[in-house]
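Asks: Sharing query.cif below, mmCIF, C-alpha atoms and all ligand atoms:
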```
data_model
#
loop_
_atom_site.label_atom_id
_atom_site.label_comp_id
_atom_site.auth_asym_id
_atom_site.auth_seq_id
_atom_site.Cartn_x
_atom_site.Cartn_y
_atom_site.Cartn_z
CA MET A 741 47.37 28.70 -82.91
CA SER A 742 45.63 29.47 -79.62
CA HIS A 743 43.46 26.82 -78.01
CA ARG A 744 40.38 28.89 -78.81
CA ASN A 745 41.28 29.13 -82.50
CA GLU A 746 42.09 25.43 -82.66
CA ALA A 747 38.79 24.55 -81.03
CA THR A 748 36.90 26.90 -83.38
CA ALA A 749 38.59 25.27 -86.39
CA ALA A 750 37.78 21.82 -85.01
CA LEU A 751 34.10 22.80 -84.62
CA LYS A 752 34.05 23.93 -88.25
CA ALA A 753 35.56 20.65 -89.37
CA LEU A 754 33.03 18.72 -87.30
CA SER A 755 30.23 20.72 -88.87
CA VAL A 756 31.41 19.66 -92.34
CA ALA A 757 31.76 16.07 -91.15
CA THR A 758 28.19 15.94 -89.79
CA ASP A 759 26.91 16.89 -93.22
CA ALA A 760 28.38 13.70 -94.63
CA CYS A 761 27.25 11.60 -91.65
CA ARG A 762 25.17 8.53 -92.59
CA GLU A 763 25.41 6.72 -89.23
CA CYS A 764 21.61 6.80 -89.19
CA PRO A 765 19.20 7.18 -92.13
CA LEU A 766 18.25 10.84 -91.46
CA GLY A 767 21.14 12.45 -93.33
CA ALA A 768 20.01 10.95 -96.63
CA TYR A 769 16.68 12.85 -96.52
CA ALA A 770 17.69 16.20 -95.04
CA THR A 771 18.90 19.19 -97.06
CA GLN A 772 22.02 19.50 -94.92
CA SER A 773 23.17 18.97 -91.37
CA VAL A 774 22.57 21.73 -88.83
CA PHE A 775 25.52 22.01 -86.49
CA GLY A 776 25.83 24.13 -83.37
CA GLU A 777 26.53 27.84 -83.44
CA GLY A 778 28.31 30.06 -80.94
CA PRO A 779 31.68 30.81 -79.45
CA VAL A 780 34.17 28.41 -77.91
CA GLY A 781 34.09 29.12 -74.19
CA ALA A 782 30.40 30.14 -74.23
CA VAL A 783 29.20 30.04 -70.65
CA LEU A 784 26.00 28.22 -71.56
CA MET A 785 25.31 25.54 -74.15
CA VAL A 786 21.65 25.32 -75.14
CA VAL A 787 20.61 22.00 -76.64
CA GLY A 788 17.42 21.41 -78.61
CA GLU A 789 16.04 18.27 -80.18
CA GLN A 790 16.72 18.44 -83.90
CA PRO A 791 16.50 21.05 -86.68
CA GLY A 792 13.06 21.83 -88.03
CA ASP A 793 12.04 22.67 -91.59
CA LYS A 794 13.41 26.24 -91.51
CA GLU A 795 16.66 25.19 -89.86
CA ASP A 796 17.15 22.41 -92.39
CA LEU A 797 16.87 24.94 -95.21
CA ALA A 798 18.98 27.63 -93.54
CA GLY A 799 21.62 25.29 -92.09
CA ARG A 800 21.40 27.10 -88.75
CA PRO A 801 19.84 26.05 -85.42
CA PHE A 802 16.72 27.68 -83.96
CA VAL A 803 15.86 30.12 -86.73
CA GLY A 804 12.23 28.95 -87.22
CA PRO A 805 9.16 29.54 -85.02
CA ALA A 806 10.62 27.71 -82.00
CA GLY A 807 13.81 29.71 -82.43
CA LYS A 808 11.88 32.97 -82.54
CA LEU A 809 10.21 32.12 -79.25
CA PHE A 810 13.58 31.19 -77.79
CA ASP A 811 14.98 34.55 -78.98
CA ARG A 812 12.10 36.33 -77.22
CA ALA A 813 12.99 34.54 -74.00
CA VAL A 814 16.68 35.38 -74.44
CA ALA A 815 15.79 39.07 -74.87
CA LYS A 816 13.39 39.04 -71.91
CA LEU A 817 16.06 37.50 -69.68
CA GLY A 818 18.62 40.07 -70.80
CA TRP A 819 20.86 37.37 -72.27
CA SER A 820 22.58 37.69 -75.59
CA ARG A 821 22.30 34.89 -78.13
CA GLU A 822 25.82 35.60 -79.44
CA LYS A 823 27.15 34.54 -76.05
CA LEU A 824 25.38 31.20 -76.12
CA TYR A 825 26.38 28.06 -77.93
CA VAL A 826 23.15 26.75 -79.45
CA THR A 827 22.92 23.24 -80.85
CA ASN A 828 20.74 20.14 -81.14
CA ALA A 829 20.92 16.54 -79.96
CA VAL A 830 20.28 15.35 -83.52
CA LYS A 831 21.92 17.13 -86.43
CA HIS A 832 19.59 16.23 -89.32
CA PHE A 833 15.90 17.08 -89.76
CA LYS A 834 13.54 14.12 -89.41
CA TYR A 835 10.20 14.56 -91.10
CA GLU A 836 7.42 12.87 -92.97
CA LEU A 837 5.94 14.21 -96.17
CA ARG A 838 2.26 15.19 -96.07
CA GLY A 839 1.61 16.37 -99.57
CA LYS A 840 4.33 18.94 -100.08
CA ARG A 841 4.65 19.69 -96.37
CA ARG A 842 7.54 18.27 -94.39
CA VAL A 843 6.11 17.54 -90.98
CA HIS A 844 8.47 17.18 -88.02
CA LYS A 845 8.89 13.67 -86.60
CA THR A 846 10.45 13.05 -83.23
CA PRO A 847 13.81 11.31 -83.65
CA ALA A 848 14.03 7.71 -82.47
CA GLN A 849 16.30 6.97 -79.54
CA ARG A 850 18.68 5.03 -81.83
CA GLU A 851 19.00 8.14 -84.02
CA ALA A 852 19.76 10.34 -81.01
CA GLU A 853 22.32 7.77 -79.86
CA ALA A 854 23.97 7.59 -83.28
CA CYS A 855 24.28 11.39 -83.23
CA HIS A 856 25.46 11.66 -79.64
CA HIS A 857 29.19 11.64 -80.35
CA TRP A 858 28.85 14.89 -82.34
CA LEU A 859 27.28 16.58 -79.32
CA GLU A 860 29.92 15.07 -77.07
CA SER A 861 32.61 16.60 -79.29
CA GLU A 862 30.91 20.00 -79.19
CA MET A 863 30.83 19.82 -75.38
CA GLU A 864 34.52 18.90 -75.27
CA LEU A 865 35.48 21.80 -77.53
CA VAL A 866 33.17 24.52 -76.20
CA GLN A 867 33.55 23.61 -72.50
CA PRO A 868 30.58 25.62 -71.22
CA ARG A 869 29.90 26.07 -67.52
CA GLY A 870 26.35 24.81 -67.82
CA TYR A 871 23.84 23.27 -70.21
CA VAL A 872 20.20 24.02 -70.93
CA ALA A 873 18.24 21.05 -72.24
CA LEU A 874 15.17 22.10 -74.21
CA GLY A 875 12.87 19.09 -74.04
CA ALA A 876 13.17 15.39 -73.33
CA THR A 877 15.42 14.38 -76.26
CA ALA A 878 18.03 16.98 -75.32
CA ALA A 879 17.76 16.14 -71.61
CA ARG A 880 18.30 12.44 -72.28
CA SER A 881 21.24 13.14 -74.55
CA LEU A 882 22.90 15.33 -71.94
CA LEU A 883 22.15 13.24 -68.86
CA GLY A 884 22.33 9.79 -70.44
CA ARG A 885 19.01 8.66 -68.98
CA PRO A 886 15.31 9.23 -69.64
CA VAL A 887 14.20 12.51 -68.06
CA ALA A 888 10.67 13.43 -66.94
CA VAL A 889 10.83 17.07 -68.02
CA MET A 890 7.83 18.28 -66.00
CA LYS A 891 9.25 16.74 -62.81
CA GLU A 892 12.87 17.74 -63.24
CA ARG A 893 12.51 21.15 -64.85
CA GLY A 894 13.84 24.43 -63.51
CA ARG A 895 16.81 23.40 -61.38
CA TRP A 896 20.42 22.47 -61.97
CA ILE A 897 20.93 18.73 -62.20
CA GLU A 898 24.49 17.60 -61.72
CA ASP A 899 25.51 14.59 -63.78
CA GLU A 900 27.84 12.66 -61.49
CA ALA A 901 29.52 10.76 -64.32
CA THR A 902 30.67 13.87 -66.16
CA GLY A 903 30.40 16.69 -63.61
CA ARG A 904 28.14 18.59 -66.02
CA ARG A 905 25.34 20.85 -64.75
CA VAL A 906 22.16 20.60 -66.76
CA LEU A 907 19.07 22.79 -66.50
CA VAL A 908 16.08 21.00 -67.99
CA THR A 909 13.04 22.80 -69.33
CA LEU A 910 10.38 22.48 -72.00
CA HIS A 911 11.14 22.68 -75.68
CA PRO A 912 9.78 25.97 -77.13
CA SER A 913 7.62 23.95 -79.57
CA ALA A 914 5.71 22.59 -76.57
CA LEU A 915 4.75 26.16 -75.70
CA LEU A 916 3.75 26.90 -79.30
CA ARG A 917 1.58 23.77 -79.41
CA GLY A 918 0.12 24.22 -75.92
CA ASP A 919 -3.39 25.28 -74.91
CA PRO A 920 -3.76 28.96 -75.93
CA ALA A 921 -5.62 29.66 -72.66
CA GLN A 922 -2.54 28.50 -70.73
CA ARG A 923 0.01 30.21 -72.96
CA GLU A 924 0.79 33.13 -70.66
CA VAL A 925 1.20 30.87 -67.61
CA ALA A 926 3.37 28.45 -69.59
CA TRP A 927 5.51 31.33 -70.92
CA LYS A 928 6.11 32.72 -67.42
CA ALA A 929 6.95 29.27 -66.04
CA TRP A 930 9.38 28.73 -68.93
CA LEU A 931 11.10 32.06 -68.29
CA LYS A 932 11.33 31.16 -64.61
CA ASP A 933 13.04 27.86 -65.50
CA LEU A 934 15.49 29.54 -67.85
CA SER A 935 16.23 32.33 -65.38
CA VAL A 936 17.95 29.75 -63.16
CA ALA A 937 20.87 30.05 -65.62
CA SER A 938 20.91 33.86 -65.44
CA SER A 939 23.57 33.98 -62.74
CA LEU A 940 25.94 32.19 -65.13
CA MET A 941 24.97 34.48 -68.00
CA LYS A 942 25.67 37.59 -65.92
CA LYS A 943 29.28 36.52 -65.70
CA ALA A 944 29.24 35.72 -69.40
CA SER A 945 31.93 37.80 -70.98
CA VAL A 946 32.72 34.65 -73.02
CA LYS A 947 35.38 33.10 -70.87
CA GLN A 948 38.18 30.84 -71.98
CA PRO A 949 37.26 27.16 -71.75
CA ALA A 950 37.53 25.95 -68.13
CA ALA A 951 40.97 24.51 -67.43
CA LYS A 952 39.55 21.63 -65.41
CA ARG A 953 38.05 18.88 -67.53
CA PRO A 954 35.23 16.70 -66.23
CA PRO A 955 36.35 13.22 -65.15
CA ALA A 956 37.07 10.97 -68.10
CA THR A 957 34.26 8.65 -69.19
CA PRO A 958 34.36 6.12 -72.04
CA ALA A 959 32.08 8.44 -74.06
CA ALA A 960 34.32 11.44 -73.42
CA GLY A 961 37.38 9.43 -74.40
CA HIS A 962 35.67 8.42 -77.61
CA ALA A 963 34.78 12.06 -78.32
CA ARG A 964 38.31 13.25 -77.55
CA ARG A 965 39.70 10.75 -80.07
CA ARG A 966 37.30 12.09 -82.70
CA VAL A 967 38.15 15.69 -81.84
CA ARG A 968 41.84 14.91 -82.17
CA MET A 969 41.20 13.26 -85.54
CA VAL A 970 39.38 16.37 -86.76
CA MET A 971 42.03 18.72 -85.41
CA GLU A 972 44.92 16.79 -86.99
N1 LIG A 1001 13.71 22.71 -82.76
C1 LIG A 1001 14.89 22.27 -82.28
O1 LIG A 1001 14.95 21.46 -81.37
N2 LIG A 1001 16.00 22.77 -82.79
C2 LIG A 1001 16.01 23.66 -83.77
O2 LIG A 1001 17.09 24.04 -84.21
C3 LIG A 1001 14.76 24.10 -84.24
C4 LIG A 1001 13.62 23.62 -83.73
#
```
Show the structure stored in the file as structure tokens.
Replies:
Amino acid sequence: MSHRNEATAALKALSVATDACRECPLGAYATQSVFGEGPVGAVLMVVGEQPGDKEDLAGRPFVGPAGKLFDRAVAKLGWSREKLYVTNAVKHFKYELRGKRRVHKTPAQREAEACHHWLESEMELVQPRGYVALGATAARSLLGRPVAVMKERGRWIEDEATGRRVLVTLHPSALLRGDPAQREVAWKAWLKDLSVASSLMKKASVKQPAAKRPPATPAAGHARRRVRMVME
């Protein structure tokens, strides 16, 4: 089997494994896990926070209102969603019940940490050239430190420990929730942030995973062991 096929099979196996994950309490309350979607070797990996109500029901990332806004941005930028790998820092929907409504709750840091090894495995298998962090939870998961999104948005940030390039911007939900009078300005600023990754996307004919791995870190080693376990 080619490396690409092996990695694709490993992602599928990981997706099944996340569904059974009970390393934090969220899995017990969600309909199913929502794993990442996209090709191995995608040039860009886009990371959100966690699935919302619609994603939890569909089992796919970014298919609800935030996803629709993201799709509009993708179209405006001339990108193609099929060429992106789209995932979340946390794989199960966290919510509280208000009557019959399931209202989104921000995941706790311990929940994001418990889920991190799944994301680490996706990064190992997909090997994108760059990452887009949508919001603070994703940014912290990718960079391993708290990130002030408004200060650090719109430029590549190189993570010295892993060699990964991360572009931080707002989560689309922040735009949906924002002041309607500022919506147009916020939309343009968001597109400007995302457009920083356009040079990568232009070369995006879905390349093979980069041959050179980032320097080994304890977390990466841990993820590689898990990936091997899934692939065996
Ligand atoms: N918000 C996210 O962060 N991810 C999704 O998949 C949907 C909404």
Asks: Do you have the CA of Gly839 (chain A)-CA of Glu763 (chain A) distance handy?
Replies: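 One can read the CA of Gly839 (chain A) to CA of Glu763 (chain A) distance as 27.7 Å.
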Asks: Taking all atoms listed in the file into account, which residues are within 9 Å of ligand LIG 1001 (chain A), as a ChimeraX atom specification?
Replies: /A:774-776,787-796,800-807,826-831,833,874-875,877-878,911-913
Asks: Which distance in Å separates CA of Gln867 (chain A) and CA of Cys764 (chain A), to one decimal?
Replies: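 A separation of 26.5 Å between them.
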Asks: Between region 879-917 of chain A and region 842-861 of chain A, at 12 Å or less, what are the per-residue closest atom pairs and their distances in Å? Count all atoms listed in the file, order by chain and rising residue number, and return it as JSON lines.
Replies:
```
{"residue": "A:Ala879", "atom": "CA", "partner": "A:Ala852", "partner_atom": "CA", "distance": 11.2}
{"residue": "A:Arg880", "atom": "CA", "partner": "A:Ala852", "partner_atom": "CA", "distance": 9.1}
{"residue": "A:Ser881", "atom": "CA", "partner": "A:His856", "partner_atom": "CA", "distance": 6.8}
{"residue": "A:Leu882", "atom": "CA", "partner": "A:Leu859", "partner_atom": "CA", "distance": 8.7}
{"residue": "A:Leu883", "atom": "CA", "partner": "A:His856", "partner_atom": "CA", "distance": 11.4}
{"residue": "A:Gly884", "atom": "CA", "partner": "A:Glu853", "partner_atom": "CA", "distance": 9.6}
{"residue": "A:Arg885", "atom": "CA", "partner": "A:Gln849", "partner_atom": "CA", "distance": 11.0}
{"residue": "A:Pro886", "atom": "CA", "partner": "A:Gln849", "partner_atom": "CA", "distance": 10.2}
{"residue": "A:Thr902", "atom": "CA", "partner": "A:Glu860", "partner_atom": "CA", "distance": 11.0}
{"residue": "A:Arg904", "atom": "CA", "partner": "A:Glu860", "partner_atom": "CA", "distance": 11.7}
{"residue": "A:Ser913", "atom": "CA", "partner": "A:His844", "partner_atom": "CA", "distance": 10.9}
```
Asks: Applying 8 Å and all atoms listed in the file, which residues near Leu865 (chain A) remain after dropping the ones on its own chain fewer than 2 positions away? List them as a PyMOL selection string.
Replies: chain A and resi 747-748+750-751+780+861-863+867+967
